[in-house]
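Here's work34.cif, which has mmCIF, C-alpha atoms and all ligand atoms:
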data_entry
loop_
_atom_site.label_atom_id
_atom_site.label_comp_id
_atom_site.auth_asym_id
_atom_site.auth_seq_id
_atom_site.Cartn_x
_atom_site.Cartn_y
_atom_site.Cartn_z
CA MET A 503 61.65 89.87 116.84
CA GLY A 504 60.43 92.97 118.67
CA VAL A 505 60.11 95.95 116.31
CA ARG A 506 59.29 95.20 112.65
CA ILE A 507 61.75 96.48 110.06
CA LYS A 508 59.23 98.88 108.54
CA GLU A 509 58.84 100.55 111.95
CA PHE A 510 62.50 101.61 112.22
CA PRO A 511 62.95 105.38 111.90
CA ASN A 512 63.97 106.58 108.46
CA ALA A 513 67.38 107.96 109.45
CA PHE A 514 68.39 108.01 105.79
CA LEU A 515 66.18 111.03 105.18
CA GLU A 516 68.13 112.91 107.87
CA LEU A 517 71.39 112.38 105.99
CA THR A 518 72.81 115.40 104.20
CA SER A 519 72.83 115.35 100.43
CA GLN A 520 76.56 114.58 100.67
CA GLY A 521 75.86 111.70 103.07
CA LYS A 522 73.40 110.15 100.62
CA LYS A 523 75.98 110.40 97.83
CA GLU A 524 78.69 108.94 100.08
CA LEU A 525 76.74 105.67 100.29
CA LEU A 526 76.83 105.44 96.51
CA ARG A 527 80.48 106.46 96.36
CA THR A 528 81.43 103.66 98.75
CA MET A 529 79.54 101.06 96.73
CA ILE A 530 81.06 102.28 93.46
CA ARG A 531 84.58 102.28 94.90
CA ILE A 532 84.14 98.69 96.05
CA ARG A 533 82.63 97.54 92.73
CA SER A 534 85.38 99.24 90.74
CA PHE A 535 88.11 97.74 92.92
CA GLU A 536 86.63 94.24 92.72
CA THR A 537 86.01 94.35 88.97
CA ARG A 538 89.63 95.33 88.38
CA VAL A 539 90.92 92.73 90.84
CA GLU A 540 89.07 90.03 88.90
CA GLU A 541 90.75 91.13 85.65
CA LEU A 542 94.16 91.30 87.31
CA PHE A 543 93.77 87.86 88.83
CA LEU A 544 92.76 86.35 85.49
CA ALA A 545 95.74 88.11 83.89
CA LYS A 546 97.93 86.42 86.57
CA ARG A 547 99.10 89.73 88.06
CA ILE A 548 97.60 88.73 91.43
CA PRO A 549 98.61 85.39 92.97
CA GLY A 550 96.75 83.18 95.46
CA PHE A 551 93.00 83.26 95.87
CA VAL A 552 90.51 86.11 95.68
CA HIS A 553 86.88 86.10 96.79
CA LEU A 554 84.92 89.01 95.36
CA TYR A 555 82.27 91.09 97.13
CA ILE A 556 80.46 92.07 93.90
CA GLY A 557 76.71 92.32 94.50
CA GLU A 558 77.06 92.64 98.30
CA GLU A 559 78.33 96.24 98.45
CA ALA A 560 75.21 97.70 100.06
CA ILE A 561 75.94 95.87 103.30
CA ALA A 562 79.43 97.24 103.88
CA ALA A 563 78.37 100.72 102.72
CA GLY A 564 75.18 100.88 104.79
CA ILE A 565 76.74 99.61 108.00
CA MET A 566 80.00 101.50 107.85
CA ALA A 567 78.19 104.82 107.28
CA ASN A 568 76.97 104.47 110.86
CA LEU A 569 80.36 103.77 112.41
CA ARG A 570 83.06 105.96 113.87
CA LYS A 571 86.70 105.55 113.03
CA ASN A 572 87.47 103.99 116.41
CA ASP A 573 84.69 101.38 116.19
CA TRP A 574 85.96 97.94 115.22
CA ILE A 575 85.03 95.49 112.52
CA THR A 576 86.02 91.90 111.93
CA SER A 577 85.82 90.60 108.41
CA THR A 578 85.89 87.40 106.37
CA HIS A 579 87.72 85.81 103.43
CA ARG A 580 85.50 88.10 101.28
CA GLY A 581 86.80 91.22 102.97
CA HIS A 582 87.87 93.83 100.39
CA GLY A 583 84.56 95.72 100.61
CA HIS A 584 84.64 95.83 104.40
CA ALA A 585 88.21 97.15 104.42
CA LEU A 586 87.55 99.86 101.83
CA ALA A 587 84.34 101.01 103.50
CA LYS A 588 86.05 101.19 106.91
CA GLY A 589 88.76 103.44 105.50
CA ALA A 590 91.68 101.18 104.60
CA GLN A 591 93.99 102.53 101.90
CA MET A 592 93.29 101.19 98.44
CA THR A 593 96.95 101.44 97.42
CA ARG A 594 98.19 99.27 100.30
CA MET A 595 95.35 96.81 99.75
CA MET A 596 96.22 96.42 96.10
CA ALA A 597 99.92 96.05 96.95
CA GLU A 598 99.01 93.28 99.41
CA LEU A 599 96.95 91.47 96.80
CA TYR A 600 99.94 91.64 94.47
CA GLY A 601 102.23 90.24 97.20
CA LYS A 602 104.29 93.43 97.25
CA ARG A 603 106.31 94.91 100.07
CA SER A 604 104.23 97.96 100.96
CA GLY A 605 101.06 95.91 101.22
CA TYR A 606 99.26 95.69 104.56
CA CYS A 607 101.13 92.47 105.48
CA LYS A 608 104.28 93.39 103.57
CA GLY A 609 102.98 91.19 100.77
CA LYS A 610 102.97 88.02 102.87
CA GLY A 611 99.26 87.72 103.65
CA GLY A 612 97.36 88.44 100.46
CA SER A 613 93.67 89.07 99.96
CA MET A 614 92.43 87.20 103.04
CA HIS A 615 94.68 88.87 105.60
CA ILE A 616 94.15 92.57 105.23
CA ALA A 617 93.95 94.46 108.50
CA ASP A 618 94.36 98.11 109.44
CA PHE A 619 94.09 98.72 113.16
CA SER A 620 94.44 102.47 112.62
CA VAL A 621 90.91 102.53 111.15
CA GLY A 622 89.46 99.79 113.37
CA MET A 623 89.69 97.07 110.73
CA LEU A 624 90.75 94.09 112.82
CA GLY A 625 91.25 91.79 109.91
CA ALA A 626 89.93 89.72 107.08
CA ASN A 627 90.19 86.06 107.95
CA GLY A 628 90.98 82.92 105.97
CA VAL A 629 89.37 80.85 108.71
CA VAL A 630 85.62 80.75 108.19
CA GLY A 631 84.05 81.87 111.48
CA GLY A 632 87.41 83.19 112.69
CA GLY A 633 86.09 86.69 113.32
CA PHE A 634 83.40 85.88 115.89
CA THR A 635 85.58 85.60 118.95
CA ILE A 636 87.80 88.50 117.90
CA ALA A 637 84.72 90.73 117.73
CA VAL A 638 83.66 89.57 121.19
CA GLY A 639 87.15 90.46 122.43
CA ALA A 640 86.79 93.93 120.93
CA GLY A 641 83.36 94.28 122.55
CA MET A 642 84.93 93.28 125.87
CA THR A 643 87.53 96.01 125.45
CA ALA A 644 84.81 98.63 125.08
CA TRP A 645 83.01 97.23 128.10
CA MET A 646 86.12 97.09 130.33
CA LYS A 647 87.32 100.53 129.30
CA LYS A 648 83.78 101.91 129.58
CA THR A 649 83.85 103.52 126.14
CA ASP A 650 80.88 103.62 123.78
CA GLN A 651 82.74 101.93 120.93
CA VAL A 652 81.05 99.06 119.15
CA ALA A 653 82.32 95.97 117.33
CA ILE A 654 80.77 94.73 114.12
CA CYS A 655 81.29 91.12 113.13
CA PHE A 656 80.68 90.27 109.46
CA PHE A 657 80.15 86.59 108.66
CA GLY A 658 78.53 84.39 106.03
CA ASP A 659 75.64 81.94 106.02
CA GLY A 660 78.16 79.09 106.02
CA ALA A 661 80.01 80.61 108.99
CA SER A 662 76.78 80.68 110.99
CA ASN A 663 77.13 76.88 111.24
CA ARG A 664 80.51 77.04 112.98
CA GLY A 665 80.97 76.36 116.67
CA THR A 666 82.54 79.78 117.16
CA PHE A 667 79.19 81.35 116.27
CA HIS A 668 77.61 79.70 119.32
CA GLU A 669 80.48 80.52 121.67
CA ALA A 670 80.61 84.14 120.61
CA LEU A 671 76.89 84.89 120.65
CA ASN A 672 76.44 83.23 124.00
CA MET A 673 79.31 85.10 125.65
CA ALA A 674 78.37 88.44 124.08
CA ALA A 675 74.79 87.92 125.27
CA ILE A 676 75.54 87.02 128.90
CA TRP A 677 77.90 89.98 129.25
CA LYS A 678 75.74 92.34 127.15
CA LEU A 679 78.70 93.26 124.95
CA PRO A 680 78.32 95.91 122.23
CA VAL A 681 78.67 93.56 119.27
CA LEU A 682 76.52 93.64 116.14
CA PHE A 683 76.71 90.28 114.39
CA ILE A 684 76.09 90.94 110.70
CA ASN A 685 75.21 87.87 108.76
CA GLU A 686 75.83 88.33 105.04
CA ASN A 687 73.51 85.67 103.75
CA ASN A 688 74.53 85.47 100.09
CA LEU A 689 72.65 82.16 99.71
CA TYR A 690 75.78 80.02 99.20
CA ALA A 691 78.68 78.72 101.23
CA SER A 692 81.14 77.82 98.55
CA THR A 693 79.16 75.17 96.55
CA THR A 694 76.47 74.57 99.21
CA PRO A 695 73.17 76.47 98.99
CA ALA A 696 72.03 77.94 102.31
CA SER A 697 68.65 76.30 101.66
CA TYR A 698 70.41 72.96 102.10
CA GLY A 699 73.21 73.78 104.55
CA VAL A 700 71.43 75.95 107.12
CA ALA A 701 68.66 74.39 109.24
CA VAL A 702 66.59 77.59 109.49
CA SER A 703 65.30 79.69 106.63
CA ARG A 704 66.04 82.92 108.48
CA ILE A 705 69.46 83.00 110.11
CA SER A 706 68.21 85.84 112.35
CA ASP A 707 65.93 83.25 114.04
CA ARG A 708 69.06 81.81 115.62
CA ALA A 709 69.19 84.91 117.86
CA ALA A 710 66.44 83.38 120.00
CA GLY A 711 68.91 80.71 121.16
CA TYR A 712 70.93 83.45 122.85
CA GLY A 713 68.07 85.54 124.20
CA ILE A 714 68.94 88.46 121.91
CA ASP A 715 67.09 90.28 119.13
CA GLY A 716 67.47 89.15 115.54
CA TYR A 717 66.37 90.96 112.38
CA THR A 718 66.47 90.27 108.67
CA VAL A 719 66.84 93.01 106.08
CA ASP A 720 67.16 93.20 102.32
CA GLY A 721 70.95 93.43 102.09
CA ASN A 722 70.75 94.75 98.53
CA ASN A 723 68.82 97.81 99.64
CA VAL A 724 71.39 100.20 101.08
CA VAL A 725 68.71 102.49 102.51
CA GLU A 726 67.22 99.65 104.54
CA VAL A 727 70.64 98.45 105.72
CA TYR A 728 71.54 102.01 106.71
CA ASN A 729 68.28 102.67 108.54
CA VAL A 730 68.13 99.46 110.51
CA SER A 731 71.80 99.43 111.47
CA HIS A 732 71.53 103.10 112.48
CA THR A 733 69.01 102.22 115.19
CA LEU A 734 70.75 98.99 116.18
CA ILE A 735 74.19 100.58 116.53
CA ASP A 736 72.69 103.33 118.72
CA ARG A 737 71.18 100.59 120.83
CA LEU A 738 74.58 98.89 121.18
CA ARG A 739 76.17 102.15 122.32
CA SER A 740 73.60 102.46 125.07
CA GLY A 741 74.77 99.15 126.57
CA LYS A 742 71.78 96.96 125.77
CA GLY A 743 73.86 94.06 124.50
CA PRO A 744 74.47 92.27 121.21
CA ILE A 745 72.12 91.95 118.23
CA LEU A 746 72.06 89.65 115.21
CA LEU A 747 71.26 91.26 111.87
CA GLU A 748 70.85 89.08 108.79
CA CYS A 749 71.36 90.91 105.49
CA ARG A 750 70.04 88.85 102.60
CA THR A 751 72.05 89.29 99.45
CA TYR A 752 73.45 87.31 96.53
CA ARG A 753 76.98 86.36 95.53
CA VAL A 754 77.01 87.38 91.89
CA LYS A 755 80.49 86.03 91.15
CA GLY A 756 81.84 82.54 91.80
CA HIS A 757 82.94 81.60 95.30
CA TYR A 758 86.49 82.48 94.19
CA VAL A 759 87.75 83.81 90.88
CA GLY A 760 87.98 80.72 88.68
CA ASP A 761 85.09 78.83 90.33
CA PRO A 762 83.42 76.67 87.63
CA GLU A 763 80.05 77.30 89.39
CA LYS A 764 78.50 73.92 88.58
CA TYR A 765 76.08 74.19 91.49
CA ARG A 766 73.82 76.93 90.05
CA THR A 767 72.41 77.98 86.71
CA ARG A 768 73.64 80.85 84.54
CA GLU A 769 70.07 82.07 84.43
CA GLU A 770 69.80 82.40 88.21
CA VAL A 771 72.97 84.51 88.32
CA LYS A 772 71.90 86.65 85.37
CA ASN A 773 68.51 87.40 86.93
CA GLN A 774 70.05 88.38 90.24
CA ALA A 775 72.74 90.52 88.63
CA GLU A 776 70.23 92.34 86.47
CA GLU A 777 67.28 92.71 88.80
CA ASN A 778 68.75 92.85 92.26
CA ASP A 779 71.97 94.78 91.80
CA PRO A 780 72.39 97.04 94.85
CA ILE A 781 74.14 99.82 92.93
CA LYS A 782 71.54 99.93 90.15
CA ARG A 783 68.77 99.90 92.72
CA TYR A 784 70.22 102.74 94.78
CA THR A 785 71.14 104.79 91.72
CA SER A 786 67.54 104.58 90.43
CA TYR A 787 66.23 105.50 93.87
CA LEU A 788 68.47 108.58 94.10
CA LEU A 789 67.55 109.73 90.60
CA GLU A 790 63.84 109.14 91.17
CA HIS A 791 63.92 111.38 94.25
CA SER A 792 66.27 113.92 92.63
CA PHE A 793 68.87 113.33 95.34
CA ILE A 794 71.55 113.18 92.65
CA GLN A 795 72.09 114.29 89.05
CA PRO A 796 73.15 111.86 86.28
CA GLU A 797 76.43 113.71 85.73
CA GLU A 798 77.33 113.33 89.41
CA ILE A 799 76.91 109.58 89.05
CA ASP A 800 79.22 109.53 86.02
CA LEU A 801 81.75 111.48 88.01
CA LEU A 802 81.67 108.99 90.90
CA TRP A 803 82.43 106.12 88.49
CA LYS A 804 85.19 108.13 86.83
CA GLU A 805 86.83 109.04 90.14
CA ALA A 806 86.66 105.46 91.38
CA LYS A 807 88.25 104.18 88.18
CA GLU A 808 91.08 106.69 88.53
CA GLU A 809 91.61 105.74 92.16
CA VAL A 810 91.77 102.05 91.26
CA GLU A 811 94.18 102.66 88.38
CA ALA A 812 96.43 104.68 90.69
CA ALA A 813 96.38 101.75 93.14
CA VAL A 814 97.28 99.33 90.33
CA ARG A 815 100.22 101.51 89.26
CA TYR A 816 101.36 101.72 92.88
CA ALA A 817 101.20 97.94 93.28
CA GLU A 818 102.90 97.26 89.95
CA GLU A 819 105.82 99.53 90.83
CA ASP A 820 106.22 98.36 94.41
CA PRO A 821 109.00 95.77 94.95
CA TYR A 822 108.41 92.18 96.05
CA PRO A 823 109.75 91.33 99.52
CA GLU A 824 113.16 89.61 99.61
CA PRO A 825 113.12 85.85 100.27
CA ASP A 826 114.70 86.26 103.72
CA GLU A 827 111.82 88.56 104.76
CA ALA A 828 109.50 85.53 104.65
CA ILE A 829 110.31 84.61 108.24
CA GLN A 830 110.23 88.16 109.62
CA ASP A 831 107.24 89.38 111.67
CA LEU A 832 106.14 85.87 112.60
CA PHE A 833 106.65 86.32 116.34
CA SER A 834 106.10 89.24 118.65
CA SER A 835 109.21 90.49 120.42
CA ASP A 836 108.07 88.84 123.70
CA GLN A 837 107.95 85.46 122.04
CA GLU A 838 111.33 86.01 120.45
CA VAL A 839 112.75 86.33 123.96
CA LEU A 840 111.26 82.95 124.84
CA VAL A 841 112.79 80.99 121.95
C1 LIG B 901 87.30 76.69 109.19
C2 LIG B 901 87.20 76.66 107.69
N1 LIG B 901 86.49 75.70 107.09
C3 LIG B 901 86.40 75.66 105.72
C4 LIG B 901 87.04 76.62 104.97
C5 LIG B 901 86.92 76.58 103.45
N2 LIG B 901 85.97 77.63 103.03
C6 LIG B 901 86.40 78.84 102.64
S1 LIG B 901 85.13 79.87 102.31
C7 LIG B 901 83.99 78.69 102.65
C8 LIG B 901 82.51 78.99 102.54
C9 LIG B 901 82.09 80.10 103.42
O1 LIG B 901 80.75 80.41 103.17
P1 LIG B 901 80.05 81.65 103.84
O2 LIG B 901 80.37 81.68 105.28
O3 LIG B 901 78.63 81.59 103.47
O4 LIG B 901 80.77 82.89 103.17
P2 LIG B 901 80.75 83.37 101.64
O5 LIG B 901 81.89 82.68 100.96
O6 LIG B 901 79.46 82.99 101.05
O7 LIG B 901 80.95 84.84 101.70
C10 LIG B 901 84.61 77.51 103.03
C11 LIG B 901 83.90 76.28 103.40
C12 LIG B 901 87.79 77.61 105.65
N3 LIG B 901 88.42 78.57 104.99
N4 LIG B 901 87.82 77.64 107.01
MG MG B 902 77.64 82.61 101.93
#
What is this file in structure tokens?
Ligand SMILES: Cc1ncc(C[n+]2csc(CCOP(=O)(O)OP(=O)(O)O)c2C)c(N)n1
Ligand SMILES: [Mg+2]
Amino acid sequence: MGVRIKEFPNAFLELTSQGKKELLRTMIRIRSFETRVEELFLAKRIPGFVHLYIGEEAIAAGIMANLRKNDWITSTHRGHGHALAKGAQMTRMMAELYGKRSGYCKGKGGSMHIADFSVGMLGANGVVGGGFTIAVGAGMTAWMKKTDQVAICFFGDGASNRGTFHEALNMAAIWKLPVLFINENNLYASTTPASYGVAVSRISDRAAGYGIDGYTVDGNNVVEVYNVSHTLIDRLRSGKGPILLECRTYRVKGHYVGDPEKYRTREEVKNQAEENDPIKRYTSYLLEHSFIQPEEIDLLWKEAKEEVEAAVRYAEEDPYPEPDEAIQDLFSSDQEVLV
């Protein structure tokens, strides 16, 4: 394991007052978006499937605060938080969820296919474990072009059991690619508890199989996520190869909106939501240290709500694509020449 988590430098304290508030803003924006998306889905305004990131916001916020615009991320089926934190536009995300024309995939991809290359967001992914090899490809780009960009690969506890995990970590390790593999261990893969479905109790222990460093942090503590990833991302930029970081968290909502959740008790969820909520925890921390005033917190929630409502109005007013647009954009122009 090398350095213990407590021995990482406290980079958080070096952040400006604005920087400290930005972490909270990001988490509040994600929570507000997700809470509204849940309502809209239940009201049948949003079709398809949605997987919410509620309760896991500290991971996206803490990691992304250490990235540059031209660094890359790969995401999962639970990708709204990653996209927002990396700088994707909320309006176009909401339009995509609605299946509307000005959405990120012109309304044809939905929640699990949001990508915005202009901010380094290489895509959510409906295929569990689909992001691993894409992140390695991005890491290879940085290596071949000799830039100091990094690629961050978000994936779940369930995804850590996929074959692509092995392929990607091995290749990234032998070529010392700048990829940070971020395991979001929310303790469940759909209906399967990680305690049953994953052979190790710490997913970071799997790093040993690839000769790389692995760490585990409290993924509901944004300060810890920020501090540890700050050091690890610096290490990636200096060409020392990939790292596996497990962020332990909890999926507060069902696997998807509408999940009957027969595999866990109401009490377990309630305890986690009340006692381990990353936003409540960070808000108390900021107040305790006088890094923020109560009225500034109220303002952040108010602004986020307004931003979300503006995105909803945008999506509601946007037209649906025409039926004949369904088969557009399926092939690149090169492939069109071939057929
Ligand atoms: C290759 C593949 N297998 C199965 C599924 C169905 N599926 C969707 S999400 C999911 C669980 C993923 O769990 P985890 O990786 O822990 O992510 P979480 O949902 O907890 O964020 C499964 C099995 C899929 N989408 N892709
Ligand atoms: Mg999981």
Original post:
Hey, what's within 10 Å of Leu746 in chain A if we count all atoms listed in the file and toss same-chain stuff fewer than 6 positions away? As a list in words, please?
Top reply: Cys655, Leu671, Val681, Leu682, Phe683, Ile684, Asn685, Ile705, Ser706, Asp707, Arg708, Ala709, Ala710, Tyr712, Ile714, Asp715, Gly716, Tyr717, Thr718 and Leu734 of chain A
Contact check, chain A to ligand LIG 901 (chain B), at most 6 Å, counting all atoms listed in the file, closest pairs as JSON lines:
{"residue": "A:Arg580", "atom": "CA", "partner": "B:LIG901", "partner_atom": "O7", "distance": 5.6}
{"residue": "A:Gly628", "atom": "CA", "partner": "B:LIG901", "partner_atom": "N3", "distance": 5.1}
{"residue": "A:Val629", "atom": "CA", "partner": "B:LIG901", "partner_atom": "N4", "distance": 3.9}
{"residue": "A:Val630", "atom": "CA", "partner": "B:LIG901", "partner_atom": "N4", "distance": 4.0}
{"residue": "A:Phe657", "atom": "CA", "partner": "B:LIG901", "partner_atom": "O2", "distance": 6.0}
{"residue": "A:Gly658", "atom": "CA", "partner": "B:LIG901", "partner_atom": "O2", "distance": 3.4}
{"residue": "A:Asp659", "atom": "CA", "partner": "B:LIG901", "partner_atom": "O3", "distance": 3.9}
{"residue": "A:Gly660", "atom": "CA", "partner": "B:LIG901", "partner_atom": "O2", "distance": 3.5}
{"residue": "A:Ala661", "atom": "CA", "partner": "B:LIG901", "partner_atom": "O2", "distance": 3.9}
{"residue": "A:Asn688", "atom": "CA", "partner": "B:LIG901", "partner_atom": "O6", "distance": 5.6}
{"residue": "A:Tyr690", "atom": "CA", "partner": "B:LIG901", "partner_atom": "O6", "distance": 5.1}
{"residue": "A:Ala691", "atom": "CA", "partner": "B:LIG901", "partner_atom": "O1", "distance": 3.3}
{"residue": "A:Ser692", "atom": "CA", "partner": "B:LIG901", "partner_atom": "C8", "distance": 4.4}
{"residue": "A:His757", "atom": "CA", "partner": "B:LIG901", "partner_atom": "O5", "distance": 5.9}
Original post:
What separation in Å, quoted to one decimal, exists between CA of Phe667 in chain A and CA of Arg766 in chain A?
Top reply: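 Calculated distance between CA of Phe667 in chain A and CA of Arg766 in chain A is 27.1 Å.
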Original post:
Between A:Leu689, A:Ala513, A:Val810, A:Ile676, which is the closest to ligand MG 902 (chain B) once you count all atoms listed in the file?
Top reply: A:Leu689
**OP:** For CA of Tyr606 in chain A and CA of Ser620 in chain A, determine how far apart the two atoms are, in Å to one decimal place.
**Re:** 11.6 Å
